[in-house]
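Below is one structure, written out as structure tokens; comments come after it.
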Amino acid sequence: MKSLFRSAFGEELLDVFEFSPIAMAALDSEGRYLDFNPTFLQTFGYSRDELIGVSNRVLTHPDDRDATDRHRIALLENRGVTPRMEKRYVSKSGEVIWAITNVTSVWSKTKEFCLFVVQIQNITDMKRATSALIESEARLRARADASRDAFWDYHHLTGEVSVTSRFWEMVGHEAPGQVAVGDLYKHVNEDDLVELSARYQAHVESRGAIPLNIELRIRNRVSGWFWVILRGVVTDWDESGSPVRSMGAVTAINELKSVQEKLINSSKMVALGEMAGGIAHEINNPLTIIKGYADLISMQMAKGSITSEEAIRMAKQISETSSRIARIIQGLKNLSRESQESEIRVHEIGEILDDALSICLERFKSSGVHVGIDVDRSVRIRCNSIAISQVFLNLLNNAYQAIANQEVKWIRLTSRIEADQLILSLADSGPGVPKELRSRIMDPFFTTKAPGEGTGLGLSISKSILLSHGGGLHLDEAALNTTFVFRLPLATFEPI
Ligand code: ADP
């Protein structure tokens, strides 16, 4: 060995090879072992005598033997092949060893081939780690695929996003692998996309402090729109603070949504029930007026003391008053419809307010409540009109109950526009909400009312309706009187 290496590399490098932690061997042109360093023998578990003169095919894994021969011949023929080769060996004890071999061909001055010197770097551990990593990634992916959630991973610089197969199952399309983010947006409701972009902006601007968590509608190719929750987080930022990578999950929540809708609907029926006593008033008063005029006409006709102008005026009153009853019944019909039946579309706020007022205004007036309405009726909002009428109804009902035992009874509804939002304030002359209860009044089932008078759902449901419309609800703690303020985004210029 020493003489071989000495002739190949010179005296100075001899020690380096002798004590190298890398296995090294010298081979002849046929690939037979001529000599080895101690690390080589240690690696393969053979003694020097067992290997001298043995073909390297013996140590090579059966599947890599032919490739090893081809590599050796190519090196001998000096075809300019890379001296590096990744291959497997088998040790004496049968252990498979992955290695990177580096073959140096040594030639004499007269260009005669002398020997090969092979350095063998054992990479078995690295290979094991890599395959374990690949396996665990595959397992993770399989778990993600099996999950009812879809996961997404967005690279901002390339604009590419990868989503797990569950997403494609949700939208009913073949999984295309990586896609541009714009291709994913095609499956999302356009209005929700505007909201998503605003929420994402807020998440980025707050450096992740405002969580990205939004309910969206996405469309399945066959069954149509359905609701999901999209959650996400920016995981990598560049030095200038711009996002580089974000990840998150998409969860289908249709079932949850339908339970929510049912709850909203049943609470509305409760609110309507609370109004029912009042509805008798709403209808009784105009009926009394109608009866009064009808009796008057017939009495005066019998006496022959009525002019045709007077008869026409009274008939007109009868007709107008019947229209009022028709409006009340229509409002009641509108409100008692299932709110899912009503599509989200553009409405004037006045028309929605009328539905709610039609079934309570008479009762308020007959209980001596002064109702002041100063609302710009023509403001347009994009909404589910039944749901928003329900919000009016809940808040009006609360105000009415709060002032029932007050000496001064008034309810005032005003509107203003602020930054693309319609702000409605409903104030009443009641005693207000005690400070210690303020943080709890919007909690579901929180009520201070006697059983039968309140369910504790009015405010929480109103708030969730407004939130799902991109608006909100709060108690104005700075106002002098009890004032609930609710916001709704204005509709852009779309046809009604
Ligand atoms: P409910 O009216 O059935 O109790 P809500 O969720 O509508 O349920 O209201 C929760 C609670 O908030 C009420 O029980 C009441 O204590 C308080 N509240 C709501 N509106 C008013 C109001 N206008 N004035 C005073 N307290 C109110």
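Chain labels follow the order of the structure tokens: the first chain is A, the next B, and so on; residue numbering restarts at 1 in every chain, and ligands are counted from 1 in their shown order.
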Please identify all polymer residues within 6 Å of stretch 26-43 of chain A, counting only C-alpha atoms, omitting same-chain residues fewer than 3 positions from it, and present them as an MDAnalysis selection string.
chainID A and resid 1 18 23 46 52:56 115:117
Selection export as a short mmCIF file (atom, residue, chain, number, x, y, z; two decimals), in the first residue's frame, atoms kept: C-alpha atoms:
data_model
loop_
_atom_site.label_atom_id
_atom_site.label_comp_id
_atom_site.auth_asym_id
_atom_site.auth_seq_id
_atom_site.Cartn_x
_atom_site.Cartn_y
_atom_site.Cartn_z
CA MET A 1 0.00 0.00 0.00
CA GLU A 18 -3.07 6.28 6.06
CA ALA A 23 -12.15 4.79 3.35
CA TYR A 46 -12.99 -7.42 6.21
CA ILE A 52 -6.38 -8.50 -1.59
CA GLY A 53 -6.90 -9.45 -5.21
CA VAL A 54 -10.68 -9.63 -4.83
CA SER A 55 -12.84 -7.87 -7.46
CA ASN A 56 -14.65 -4.76 -6.30
CA LEU A 115 -3.87 2.12 -10.70
CA PHE A 116 -7.15 3.56 -9.41
CA VAL A 117 -7.27 5.21 -6.02
#
Tell me, which residues of stretch 71-269 of chain A carry DSSP alpha helix (DSSP H), written as a VMD selection string?
chain A and resid 71 to 76 124 to 146 165 to 171 181 to 185 190 to 205 254 to 269
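Rounded to one decimal, atom CA of A:Glu282 and atom 26 (N, counted along the ligand's line) of ligand 1 lie 24.5 Å from each other.
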Could you find all residues in stretch 79-196 of chain A that DSSP calls strand (DSSP E or B) from the backbone, and write them as a ChimeraX atom specification?
/A:84-90,96-107,113-122,149-155,160-163,179-180,188
For ligand 1, return the neighbouring residues as a VMD selection string (distance at most 7 Å; only C-alpha atoms and all ligand atoms).
chain A and resid 394 to 395 398 to 399 402 428 430 to 433 441 to 442 444 to 449 453 to 460 482
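Residues surrounding stretch 146-160 of chain A within 7 Å are Ala142, Arg143, Ala144, Ser162, Val163, Thr164, Arg166, Phe167, Gln178, Val179, Ala180, Val181, Pro243, Val244, Arg245, Ser246, Met247, Gly248, Ala249, Val250 and Thr251 of chain A [only C-alpha atoms; sequence separation below 2 positions excluded].
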Find the residues around A:Ser322 up to 8 Å (only C-alpha atoms counted), leave out those fewer than 5 positions away in its own chain, and share them as a ChimeraX atom specification.
/A:286-287,290
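Minimum atom-to-atom distances from A:Phe484, A:Tyr400, A:Trp237, A:Tyr89 to A:Gln121 were compared using only C-alpha atoms, and the lowest value belongs to A:Tyr89.
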Using only C-alpha atoms, which residues sit within 12 Å of A:Leu196 once same-chain residues fewer than 3 positions away are excluded, as a PyMOL selection string?
chain A and resi 185+188-193+199-203+211-217+229-232+470
With only C-alpha atoms as the basis for distance, which of A:Asp125, A:Glu169, A:Glu362, A:Glu174 is at the shortest distance from A:Ile283?
A:Glu362
For stretch 488-493 of chain A, please output as number ranges by chain all residues within 8 Å (counting only C-alpha atoms; exclusion window: fewer than 2 positions along the same chain).
A: 346, 379-382, 420-423, 466, 469-472, 486, 495
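For A:Gly292, the non-local neighbours within 12 Å, defined as residues at least 6 positions apart in the same chain or in other chains and counting only C-alpha atoms, are A:Asn285, A:Pro286, A:Ser298, A:Met299, A:Met314, A:Ala315, A:Gln317, A:Ile318, A:Thr321.
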Quick one: pull the distance between atom CA of A:Thr235 and atom CA of A:Ala252, Å, one decimal.
23.2 Å
